[in-house]
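Trainee: I'm passing along upload38.pdb; it holds PDB, C-alpha atoms.
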```pdb
MODEL        1
ATOM      1  CA  MET A   1     -39.702 -42.236 -17.220
ATOM      2  CA  LYS A   2     -42.184 -39.446 -16.647
ATOM      3  CA  ALA A   3     -39.979 -37.929 -13.917
ATOM      4  CA  PHE A   4     -36.920 -38.238 -16.178
ATOM      5  CA  LEU A   5     -38.666 -36.434 -19.043
ATOM      6  CA  SER A   6     -39.863 -33.726 -16.679
ATOM      7  CA  GLY A   7     -36.325 -33.178 -15.377
ATOM      8  CA  THR A   8     -34.938 -33.070 -18.900
ATOM      9  CA  VAL A   9     -37.472 -30.423 -19.895
ATOM     10  CA  LEU A  10     -36.474 -28.283 -16.923
ATOM     11  CA  VAL A  11     -32.762 -28.553 -17.775
ATOM     12  CA  LEU A  12     -33.376 -27.670 -21.417
ATOM     13  CA  ALA A  13     -35.545 -24.730 -20.368
ATOM     14  CA  ALA A  14     -32.808 -23.438 -18.073
ATOM     15  CA  LEU A  15     -30.212 -23.773 -20.843
ATOM     16  CA  ALA A  16     -32.467 -21.950 -23.279
ATOM     17  CA  ALA A  17     -33.063 -19.158 -20.782
ATOM     18  CA  SER A  18     -29.319 -18.817 -20.144
ATOM     19  CA  THR A  19     -28.567 -18.740 -23.861
ATOM     20  CA  GLY A  20     -31.238 -16.137 -24.446
ATOM     21  CA  PHE A  21     -29.932 -14.013 -21.579
ATOM     22  CA  SER A  22     -26.365 -14.139 -22.868
ATOM     23  CA  GLN A  23     -27.558 -12.988 -26.289
ATOM     24  CA  THR A  24     -29.478  -9.991 -24.945
ATOM     25  CA  TYR A  25     -27.189  -8.913 -22.064
ATOM     26  CA  PRO A  26     -26.562  -6.093 -21.558
ATOM     27  CA  ALA A  27     -29.816  -4.508 -22.696
ATOM     28  CA  LYS A  28     -29.248  -1.293 -20.709
ATOM     29  CA  PRO A  29     -26.333   0.587 -19.070
ATOM     30  CA  VAL A  30     -24.238  -1.276 -16.509
ATOM     31  CA  ARG A  31     -22.971   0.321 -13.287
ATOM     32  CA  VAL A  32     -19.580  -0.428 -11.771
ATOM     33  CA  ILE A  33     -19.500   0.618  -8.115
ATOM     34  CA  ALA A  34     -16.122   2.050  -7.068
ATOM     35  CA  PRO A  35     -16.160   2.016  -3.245
ATOM     36  CA  PHE A  36     -13.607   4.821  -2.899
ATOM     37  CA  ALA A  37     -13.529   8.519  -3.747
ATOM     38  CA  PRO A  38     -12.731   9.719  -7.280
ATOM     39  CA  GLY A  39      -9.099  10.265  -8.164
ATOM     40  CA  GLY A  40      -7.450   7.260  -6.491
ATOM     41  CA  GLY A  41      -6.059   4.030  -7.895
ATOM     42  CA  THR A  42      -9.323   2.108  -7.582
ATOM     43  CA  ASP A  43     -11.208   4.879  -9.371
ATOM     44  CA  PHE A  44      -8.610   4.896 -12.173
ATOM     45  CA  ILE A  45      -8.914   1.137 -12.717
ATOM     46  CA  ALA A  46     -12.717   1.325 -12.571
ATOM     47  CA  ARG A  47     -12.918   4.054 -15.210
ATOM     48  CA  LEU A  48     -10.417   2.345 -17.473
ATOM     49  CA  ILE A  49     -12.217  -1.009 -17.455
ATOM     50  CA  ALA A  50     -15.612   0.717 -17.744
ATOM     51  CA  GLN A  51     -14.477   2.467 -20.913
ATOM     52  CA  LYS A  52     -13.143  -0.755 -22.418
ATOM     53  CA  LEU A  53     -16.218  -2.777 -21.462
ATOM     54  CA  THR A  54     -18.430  -0.097 -23.014
ATOM     55  CA  GLU A  55     -16.593  -0.616 -26.305
ATOM     56  CA  ARG A  56     -16.935  -4.389 -26.150
ATOM     57  CA  LEU A  57     -20.397  -4.913 -24.641
ATOM     58  CA  GLY A  58     -22.234  -2.389 -26.792
ATOM     59  CA  GLN A  59     -23.816  -0.658 -23.800
ATOM     60  CA  GLN A  60     -22.544   2.168 -21.640
ATOM     61  CA  VAL A  61     -20.713   1.050 -18.506
ATOM     62  CA  ILE A  62     -20.839   3.804 -15.874
ATOM     63  CA  VAL A  63     -18.646   4.202 -12.793
ATOM     64  CA  GLU A  64     -20.474   5.230  -9.635
ATOM     65  CA  ASN A  65     -18.329   6.204  -6.638
ATOM     66  CA  LYS A  66     -19.710   5.192  -3.238
ATOM     67  CA  PRO A  67     -16.913   5.843  -0.713
ATOM     68  CA  GLY A  68     -17.083   5.293   3.024
ATOM     69  CA  ALA A  69     -16.179   2.898   5.856
ATOM     70  CA  GLY A  70     -12.964   1.711   4.235
ATOM     71  CA  GLY A  71     -14.767   0.650   1.068
ATOM     72  CA  ASN A  72     -17.471  -1.297   2.918
ATOM     73  CA  LEU A  73     -20.295   1.122   2.092
ATOM     74  CA  GLY A  74     -19.981   0.683  -1.650
ATOM     75  CA  ALA A  75     -19.290  -3.029  -1.346
ATOM     76  CA  GLU A  76     -22.430  -3.602   0.737
ATOM     77  CA  TYR A  77     -24.525  -1.635  -1.730
ATOM     78  CA  ALA A  78     -23.237  -3.637  -4.685
ATOM     79  CA  VAL A  79     -23.436  -7.135  -3.213
ATOM     80  CA  LYS A  80     -26.988  -6.495  -2.018
ATOM     81  CA  SER A  81     -28.108  -5.340  -5.459
ATOM     82  CA  ALA A  82     -30.141  -7.528  -7.804
ATOM     83  CA  PRO A  83     -27.952 -10.271  -9.350
ATOM     84  CA  ASP A  84     -28.878  -9.320 -12.886
ATOM     85  CA  GLY A  85     -25.492  -8.106 -14.146
ATOM     86  CA  TYR A  86     -26.343  -4.410 -14.119
ATOM     87  CA  THR A  87     -24.560  -3.597 -10.845
ATOM     88  CA  LEU A  88     -20.957  -4.783 -10.530
ATOM     89  CA  LEU A  89     -18.289  -3.974  -7.929
ATOM     90  CA  LEU A  90     -14.656  -2.984  -8.367
ATOM     91  CA  ILE A  91     -12.642  -4.371  -5.435
ATOM     92  CA  ALA A  92      -9.035  -3.912  -4.333
ATOM     93  CA  GLY A  93      -6.806  -5.844  -1.949
ATOM     94  CA  SER A  94      -8.294  -3.889   0.966
ATOM     95  CA  TYR A  95     -11.532  -5.817   0.381
ATOM     96  CA  THR A  96      -9.783  -8.876   1.844
ATOM     97  CA  VAL A  97      -8.486  -6.922   4.855
ATOM     98  CA  ASN A  98     -11.848  -5.519   5.973
ATOM     99  CA  PRO A  99     -13.391  -8.805   7.203
ATOM    100  CA  SER A 100     -10.749  -8.870   9.955
ATOM    101  CA  LEU A 101     -11.299  -5.254  10.993
ATOM    102  CA  TYR A 102     -15.015  -4.543  10.594
ATOM    103  CA  LYS A 103     -18.255  -6.267  11.447
ATOM    104  CA  LEU A 104     -19.640  -6.687   7.935
ATOM    105  CA  SER A 105     -23.297  -7.068   7.037
ATOM    106  CA  PHE A 106     -22.410  -9.432   4.201
ATOM    107  CA  ASP A 107     -20.149 -12.418   3.600
ATOM    108  CA  PRO A 108     -17.189 -11.213   1.478
ATOM    109  CA  VAL A 109     -16.873 -14.629  -0.177
ATOM    110  CA  ALA A 110     -20.289 -16.284  -0.164
ATOM    111  CA  ASP A 111     -22.211 -13.141  -1.163
ATOM    112  CA  ILE A 112     -20.284 -12.362  -4.364
ATOM    113  CA  SER A 113     -19.807 -13.780  -7.835
ATOM    114  CA  PRO A 114     -16.148 -13.347  -8.833
ATOM    115  CA  ILE A 115     -15.669 -12.276 -12.457
ATOM    116  CA  ILE A 116     -12.027 -11.377 -13.147
ATOM    117  CA  GLN A 117      -8.783 -10.066 -11.668
ATOM    118  CA  LEU A 118      -7.956  -6.839 -13.510
ATOM    119  CA  SER A 119      -4.547  -5.671 -12.309
ATOM    120  CA  GLN A 120      -1.512  -6.655 -10.270
ATOM    121  CA  GLY A 121       1.445  -4.730  -8.940
ATOM    122  CA  PRO A 122       3.899  -4.289  -6.066
ATOM    123  CA  PHE A 123       4.634  -2.048  -3.188
ATOM    124  CA  ILE A 124       8.099  -0.517  -3.347
ATOM    125  CA  VAL A 125       9.936  -0.693  -0.039
ATOM    126  CA  ALA A 126      11.590   2.721   0.315
ATOM    127  CA  VAL A 127      13.583   4.442   3.038
ATOM    128  CA  HIS A 128      14.675   8.005   3.674
ATOM    129  CA  PRO A 129      18.289   8.571   2.509
ATOM    130  CA  SER A 130      19.334   9.262   6.104
ATOM    131  CA  VAL A 131      18.757   5.588   6.987
ATOM    132  CA  PRO A 132      22.150   3.816   6.975
ATOM    133  CA  ALA A 133      20.977   0.928   4.807
ATOM    134  CA  ALA A 134      21.536   0.537   1.079
ATOM    135  CA  THR A 135      19.905  -2.900   0.917
ATOM    136  CA  LEU A 136      17.050  -4.711   2.601
ATOM    137  CA  LYS A 137      19.488  -6.959   4.481
ATOM    138  CA  GLU A 138      21.279  -3.910   5.846
ATOM    139  CA  LEU A 139      17.942  -2.412   6.909
ATOM    140  CA  ILE A 140      17.015  -5.598   8.762
ATOM    141  CA  GLU A 141      20.415  -5.774  10.477
ATOM    142  CA  TYR A 142      20.167  -2.123  11.531
ATOM    143  CA  ALA A 143      16.631  -2.563  12.870
ATOM    144  CA  ARG A 144      17.609  -5.681  14.832
ATOM    145  CA  LYS A 145      20.413  -3.819  16.555
ATOM    146  CA  GLN A 146      18.154  -0.881  17.399
ATOM    147  CA  PRO A 147      14.555  -2.060  17.939
ATOM    148  CA  ASP A 148      11.913   0.665  17.634
ATOM    149  CA  LYS A 149      14.461   3.291  16.574
ATOM    150  CA  LEU A 150      13.000   3.460  13.055
ATOM    151  CA  SER A 151       9.411   4.419  12.283
ATOM    152  CA  TYR A 152       7.301   3.531   9.283
ATOM    153  CA  ALA A 153       4.427   5.436   7.711
ATOM    154  CA  SER A 154       1.139   3.946   6.564
ATOM    155  CA  ALA A 155      -2.053   5.223   4.986
ATOM    156  CA  GLY A 156      -3.857   4.546   8.261
ATOM    157  CA  SER A 157      -4.431   1.864  10.881
ATOM    158  CA  GLY A 158      -5.802  -1.207   9.166
ATOM    159  CA  SER A 159      -4.822  -0.036   5.678
ATOM    160  CA  ILE A 160      -3.216  -2.455   3.245
ATOM    161  CA  THR A 161       0.073  -0.545   3.639
ATOM    162  CA  HIS A 162      -0.113  -1.055   7.402
ATOM    163  CA  LEU A 163      -0.707  -4.796   7.122
ATOM    164  CA  ALA A 164       1.886  -5.317   4.384
ATOM    165  CA  THR A 165       4.516  -3.629   6.559
ATOM    166  CA  GLU A 166       3.511  -5.548   9.672
ATOM    167  CA  LEU A 167       3.764  -8.811   7.754
ATOM    168  CA  PHE A 168       7.285  -7.821   6.687
ATOM    169  CA  LEU A 169       8.303  -6.899  10.254
ATOM    170  CA  GLU A 170       6.940 -10.178  11.576
ATOM    171  CA  MET A 171       8.701 -12.304   8.975
ATOM    172  CA  ALA A 172      11.971 -10.338   9.302
ATOM    173  CA  LYS A 173      11.779 -10.555  13.126
ATOM    174  CA  ILE A 174      12.307  -6.813  13.626
ATOM    175  CA  ARG A 175      10.409  -3.969  15.323
ATOM    176  CA  MET A 176       9.591  -0.458  14.144
ATOM    177  CA  VAL A 177       7.194   2.227  15.346
ATOM    178  CA  HIS A 178       4.014   2.593  13.309
ATOM    179  CA  ILE A 179       2.957   6.132  12.384
ATOM    180  CA  PRO A 180      -0.508   6.064  10.756
ATOM    181  CA  TYR A 181      -1.675   8.871   8.476
ATOM    182  CA  LYS A 182      -4.990   9.705   6.846
ATOM    183  CA  GLY A 183      -4.065   8.614   3.355
ATOM    184  CA  THR A 184      -1.060   7.695   1.255
ATOM    185  CA  GLY A 185      -0.153  11.288   0.364
ATOM    186  CA  PRO A 186       0.638  12.540   3.886
ATOM    187  CA  ALA A 187       2.463   9.281   4.709
ATOM    188  CA  LEU A 188       4.671   9.624   1.652
ATOM    189  CA  ASN A 189       5.321  13.328   2.247
ATOM    190  CA  ASP A 190       6.517  12.742   5.812
ATOM    191  CA  THR A 191       8.801   9.915   4.706
ATOM    192  CA  ILE A 192      10.316  12.166   2.047
ATOM    193  CA  ALA A 193      10.791  14.827   4.741
ATOM    194  CA  GLY A 194      12.472  12.306   7.065
ATOM    195  CA  SER A 195       9.835  12.452   9.809
ATOM    196  CA  THR A 196       9.365   8.722   9.228
ATOM    197  CA  GLN A 197      12.035   6.455   7.805
ATOM    198  CA  LEU A 198      10.257   3.663   5.928
ATOM    199  CA  ILE A 199       7.249   3.322   3.633
ATOM    200  CA  PHE A 200       5.686   0.643   1.491
ATOM    201  CA  GLY A 201       4.511   2.788  -1.432
ATOM    202  CA  SER A 202       2.895   2.148  -4.793
ATOM    203  CA  VAL A 203       4.986   2.428  -7.938
ATOM    204  CA  ALA A 204       2.870   5.304  -9.262
ATOM    205  CA  THR A 205       3.433   7.489  -6.187
ATOM    206  CA  THR A 206       6.867   6.397  -4.980
ATOM    207  CA  LEU A 207       9.144   5.602  -7.916
ATOM    208  CA  GLN A 208       9.501   9.224  -9.026
ATOM    209  CA  PHE A 209      10.981  10.169  -5.636
ATOM    210  CA  ILE A 210      13.373   7.224  -5.764
ATOM    211  CA  LYS A 211      14.602   8.333  -9.178
ATOM    212  CA  SER A 212      15.081  11.901  -7.924
ATOM    213  CA  GLY A 213      17.065  10.682  -4.901
ATOM    214  CA  ARG A 214      14.602  11.879  -2.280
ATOM    215  CA  LEU A 215      13.915   8.274  -1.277
ATOM    216  CA  ARG A 216      16.001   5.116  -1.557
ATOM    217  CA  GLY A 217      14.248   2.097  -3.047
ATOM    218  CA  ILE A 218      15.483  -1.220  -1.676
ATOM    219  CA  ALA A 219      12.949  -3.873  -2.761
ATOM    220  CA  VAL A 220       9.579  -4.694  -4.319
ATOM    221  CA  THR A 221       6.943  -6.898  -2.708
ATOM    222  CA  THR A 222       5.907  -8.960  -5.735
ATOM    223  CA  PRO A 223       7.287 -12.469  -6.405
ATOM    224  CA  GLU A 224       9.232 -11.125  -9.403
ATOM    225  CA  ARG A 225      11.089  -7.900 -10.180
ATOM    226  CA  ILE A 226       9.188  -5.247 -12.106
ATOM    227  CA  PRO A 227      10.020  -3.718 -15.519
ATOM    228  CA  ALA A 228       9.707  -0.162 -14.170
ATOM    229  CA  ALA A 229      12.562  -0.746 -11.705
ATOM    230  CA  PRO A 230      14.392  -3.966 -12.638
ATOM    231  CA  GLU A 231      17.334  -3.061 -10.409
ATOM    232  CA  LEU A 232      15.192  -3.492  -7.280
ATOM    233  CA  PRO A 233      15.221  -7.051  -5.905
ATOM    234  CA  THR A 234      12.136  -8.679  -4.479
ATOM    235  CA  VAL A 235      11.765  -8.748  -0.697
ATOM    236  CA  ALA A 236      12.018 -12.538  -0.876
ATOM    237  CA  GLU A 237      15.340 -12.573  -2.715
ATOM    238  CA  ALA A 238      16.703  -9.623  -0.731
ATOM    239  CA  GLY A 239      16.435 -11.173   2.705
ATOM    240  CA  VAL A 240      12.928 -12.375   3.677
ATOM    241  CA  PRO A 241      12.207 -15.671   1.880
ATOM    242  CA  GLY A 242       8.524 -16.367   1.320
ATOM    243  CA  TYR A 243       7.391 -12.766   1.627
ATOM    244  CA  GLN A 244       5.154 -11.400  -1.094
ATOM    245  CA  VAL A 245       2.313  -8.910  -1.291
ATOM    246  CA  VAL A 246       0.606  -8.218  -4.588
ATOM    247  CA  LEU A 247      -1.616  -5.167  -4.999
ATOM    248  CA  TRP A 248      -4.572  -6.094  -7.182
ATOM    249  CA  HIS A 249      -7.995  -5.018  -8.380
ATOM    250  CA  GLY A 250     -10.852  -7.271  -9.401
ATOM    251  CA  LEU A 251     -14.403  -7.178 -10.698
ATOM    252  CA  VAL A 252     -17.218  -9.027  -8.947
ATOM    253  CA  GLY A 253     -21.004  -9.098  -8.881
ATOM    254  CA  PRO A 254     -23.636 -10.059  -6.330
ATOM    255  CA  LYS A 255     -24.168 -13.686  -5.377
ATOM    256  CA  GLY A 256     -26.227 -15.566  -7.948
ATOM    257  CA  LEU A 257     -25.009 -13.643 -10.995
ATOM    258  CA  PRO A 258     -26.041 -15.675 -14.063
ATOM    259  CA  ALA A 259     -23.194 -17.748 -15.486
ATOM    260  CA  ALA A 260     -23.886 -16.180 -18.884
ATOM    261  CA  VAL A 261     -23.213 -12.702 -17.476
ATOM    262  CA  VAL A 262     -20.013 -13.799 -15.729
ATOM    263  CA  GLU A 263     -18.779 -15.409 -18.936
ATOM    264  CA  ARG A 264     -19.672 -12.409 -21.118
ATOM    265  CA  VAL A 265     -18.034  -9.810 -18.869
ATOM    266  CA  ASN A 266     -15.016 -12.034 -18.201
ATOM    267  CA  ARG A 267     -14.453 -12.556 -21.917
ATOM    268  CA  ALA A 268     -14.786  -8.847 -22.699
ATOM    269  CA  ALA A 269     -12.470  -7.843 -19.838
ATOM    270  CA  ASN A 270      -9.849 -10.439 -20.769
ATOM    271  CA  ASP A 271      -9.884  -9.137 -24.321
ATOM    272  CA  ALA A 272      -9.447  -5.555 -23.092
ATOM    273  CA  LEU A 273      -6.603  -6.452 -20.739
ATOM    274  CA  LYS A 274      -4.649  -8.023 -23.606
ATOM    275  CA  SER A 275      -4.760  -4.846 -25.698
ATOM    276  CA  LYS A 276      -1.594  -2.760 -25.863
ATOM    277  CA  ASP A 277      -3.297   0.525 -24.998
ATOM    278  CA  VAL A 278      -4.669  -0.921 -21.746
ATOM    279  CA  GLU A 279      -1.306  -2.491 -20.888
ATOM    280  CA  ASP A 280       0.400   0.864 -21.502
ATOM    281  CA  LEU A 281      -2.135   2.789 -19.396
ATOM    282  CA  LEU A 282      -1.789   0.335 -16.520
ATOM    283  CA  ALA A 283       2.006   0.423 -16.778
ATOM    284  CA  ALA A 284       1.905   4.214 -16.522
ATOM    285  CA  ASP A 285       0.066   3.757 -13.214
ATOM    286  CA  GLY A 286       2.694   1.282 -12.017
ATOM    287  CA  VAL A 287       0.713  -1.936 -12.398
ATOM    288  CA  ALA A 288       0.292  -4.721 -14.961
ATOM    289  CA  SER A 289      -2.797  -6.307 -16.452
ATOM    290  CA  ALA A 290      -3.886  -9.605 -14.918
ATOM    291  CA  GLY A 291      -6.934 -11.348 -16.390
ATOM    292  CA  GLY A 292      -7.834 -15.002 -16.042
ATOM    293  CA  THR A 293     -10.813 -16.951 -14.804
ATOM    294  CA  PRO A 294     -13.400 -16.204 -12.105
ATOM    295  CA  GLU A 295     -11.935 -19.151 -10.187
ATOM    296  CA  LYS A 296      -8.526 -17.456 -10.107
ATOM    297  CA  LEU A 297      -9.987 -14.328  -8.480
ATOM    298  CA  HIS A 298     -11.997 -16.447  -6.053
ATOM    299  CA  ALA A 299      -8.811 -18.209  -4.911
ATOM    300  CA  ILE A 300      -6.980 -14.885  -4.433
ATOM    301  CA  ILE A 301      -9.810 -13.452  -2.329
ATOM    302  CA  ASN A 302      -9.952 -16.534  -0.111
ATOM    303  CA  ALA A 303      -6.188 -16.736   0.383
ATOM    304  CA  ASP A 304      -5.782 -13.032   1.173
ATOM    305  CA  ILE A 305      -8.648 -12.989   3.691
ATOM    306  CA  GLU A 306      -6.967 -15.799   5.614
ATOM    307  CA  ARG A 307      -3.510 -14.232   5.428
ATOM    308  CA  TRP A 308      -4.600 -10.776   6.605
ATOM    309  CA  ARG A 309      -6.686 -12.289   9.393
ATOM    310  CA  GLY A 310      -3.482 -13.818  10.750
ATOM    311  CA  VAL A 311      -1.573 -10.518  10.493
ATOM    312  CA  VAL A 312      -4.357  -8.559  12.212
ATOM    313  CA  ARG A 313      -4.437 -11.077  15.053
ATOM    314  CA  GLN A 314      -0.642 -11.266  15.417
ATOM    315  CA  ALA A 315      -0.117  -7.480  15.400
ATOM    316  CA  ASN A 316      -3.321  -6.759  17.369
ATOM    317  CA  ILE A 317      -4.429  -4.230  14.751
ATOM    318  CA  ARG A 318      -7.499  -2.059  15.335
ATOM    319  CA  VAL A 319      -9.086   0.490  13.044
ATOM    320  CA  ASP A 320      -9.066   4.164  14.065
TER     321      ASP A 320
ENDMDL
END
```
Let me see whether you can do it: turn the structure in this file into structure tokens.

Mentor:
Amino acid sequence: MKAFLSGTVLVLAALAASTGFSQTYPAKPVRVIAPFAPGGGTDFIARLIAQKLTERLGQQVIVENKPGAGGNLGAEYAVKSAPDGYTLLLIAGSYTVNPSLYKLSFDPVADISPIIQLSQGPFIVAVHPSVPAATLKELIEYARKQPDKLSYASAGSGSITHLATELFLEMAKIRMVHIPYKGTGPALNDTIAGSTQLIFGSVATTLQFIKSGRLRGIAVTTPERIPAAPELPTVAEAGVPGYQVVLWHGLVGPKGLPAAVVERVNRAANDALKSKDVEDLLAADGVASAGGTPEKLHAIINADIERWRGVVRQANIRVD
């Protein structure tokens, strides 16, 4: 009986501490680490959610850019910070690629506390108008007849664009020559110029050139068509059943983040993502709001790490 009472006291004390923490958090500014340079998609999402969390949490949420090593520098800094809720990390799909390409000093699953998925969107599969293929099926047929005749551009060896394209080539049973660039901009420019023939580009950067006729859009990589280009079929329905790649961003904290903090930030972010102004701002950047539970983000991270590990092994991908 004495042991039972002692255990009960400890449980009640823990619950009281958690309740008290949730009522006082945040008591000072919160940092969101963006592990890429200012101006890119990850930075945009980080600043948008920081602004909306500031409004809902009653404390300033500040974005701090820590680029380097494919996003690993900022990620390492954040996950090794104190698990008190005052240092969070904005991650993108590339976070799940890096474990297969780099020797990390942290466990990308065990050393984080997932909070929420923020956004979701597709790649647009686009070709130069000189390519004799108006549909994805025609592209696959052409590539099968002439292996390695076509080249595709990526943002660099080991980038998410590289792996997404390699996954497509593997599932479609075709071969193309990979031309890696240092960033999305140069890769897109050379595809527009015809130096390369294929690119998996984001909606924000690629759709404008499809509408102007400088590129030909033939599919999107998400499981469903997108409102911004409803005429484009999905890769799965256009010729490669089972293929899908979703670009996403999420918010996580270090391992051991108090449940009260996770719940508070998750609730505030979900509320922000449901607002029309946030939906409109995300749509303008070519993505949609996501939201959901920490468990949903955890499942996405796990599944993508395993999938990209298989692609890296199959295509023998190495970082530059």

Trainee: For the structure provided, state which residues fall under the PyMOL selection byres ((chain A and resi 89) around 7), and present them as an mmCIF file with C-alpha atoms, in the coordinates of the input.

Mentor:
```
data_model
loop_
_atom_site.group_PDB
_atom_site.id
_atom_site.type_symbol
_atom_site.label_atom_id
_atom_site.label_comp_id
_atom_site.auth_asym_id
_atom_site.auth_seq_id
_atom_site.Cartn_x
_atom_site.Cartn_y
_atom_site.Cartn_z
ATOM 1 C CA VAL A 32 -19.580 -0.428 -11.771
ATOM 2 C CA ILE A 33 -19.500 0.618 -8.115
ATOM 3 C CA ALA A 34 -16.122 2.050 -7.068
ATOM 4 C CA ALA A 75 -19.290 -3.029 -1.346
ATOM 5 C CA ALA A 78 -23.237 -3.637 -4.685
ATOM 6 C CA THR A 87 -24.560 -3.597 -10.845
ATOM 7 C CA LEU A 88 -20.957 -4.783 -10.530
ATOM 8 C CA LEU A 90 -14.656 -2.984 -8.367
ATOM 9 C CA ILE A 91 -12.642 -4.371 -5.435
ATOM 10 C CA LEU A 251 -14.403 -7.178 -10.698
ATOM 11 C CA VAL A 252 -17.218 -9.027 -8.947
ATOM 12 C CA GLY A 253 -21.004 -9.098 -8.881
#
```

Trainee: What does the structure give for the distance between atom CA of A:Ser154 and atom CA of A:Ser94, in Å to one decimal?

Mentor: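 Here the two named atoms are 13.5 Å from each other.
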
Trainee: Mind checking which residues fall within 12 Å of A:Asn302, counting only C-alpha atoms, ignoring those fewer than 2 positions away in the same chain, and posting them as a list in words?

Mentor: Gly93, Tyr95, Thr96, Val97, Pro99, Asp107, Pro108, Val109, Ala110, Ile112, Pro114, Glu295, Lys296, Leu297, His298, Ala299, Ile300, Asp304, Ile305, Glu306, Arg307, Trp308 and Arg309 of chain A

Trainee: Would you pick out the contacts of A:Val312 at 10 Å or less, using only C-alpha atoms, so that residues sharing its chain but fewer than 6 positions from it are not included, and give the list as a list of chain:residue names?

Mentor: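 These residues fall inside the cut-off: A:Val97, A:Ser100, A:Leu101, A:Gly158, A:His162, A:Leu163, A:Glu166, A:Leu167, A:Arg318.
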
Trainee: What is the distance between atom CA of A:Gln51 and atom CA of A:Lys255, in Å to one decimal?

Mentor: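 Value for the atom CA of A:Gln51-atom CA of A:Lys255 distance: 24.4 Å.
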
Trainee: Have a look at atom CA of A:Thr24 and atom CA of A:Ala82 and let me know their distance in Å, one decimal.

Mentor: 17.3 Å
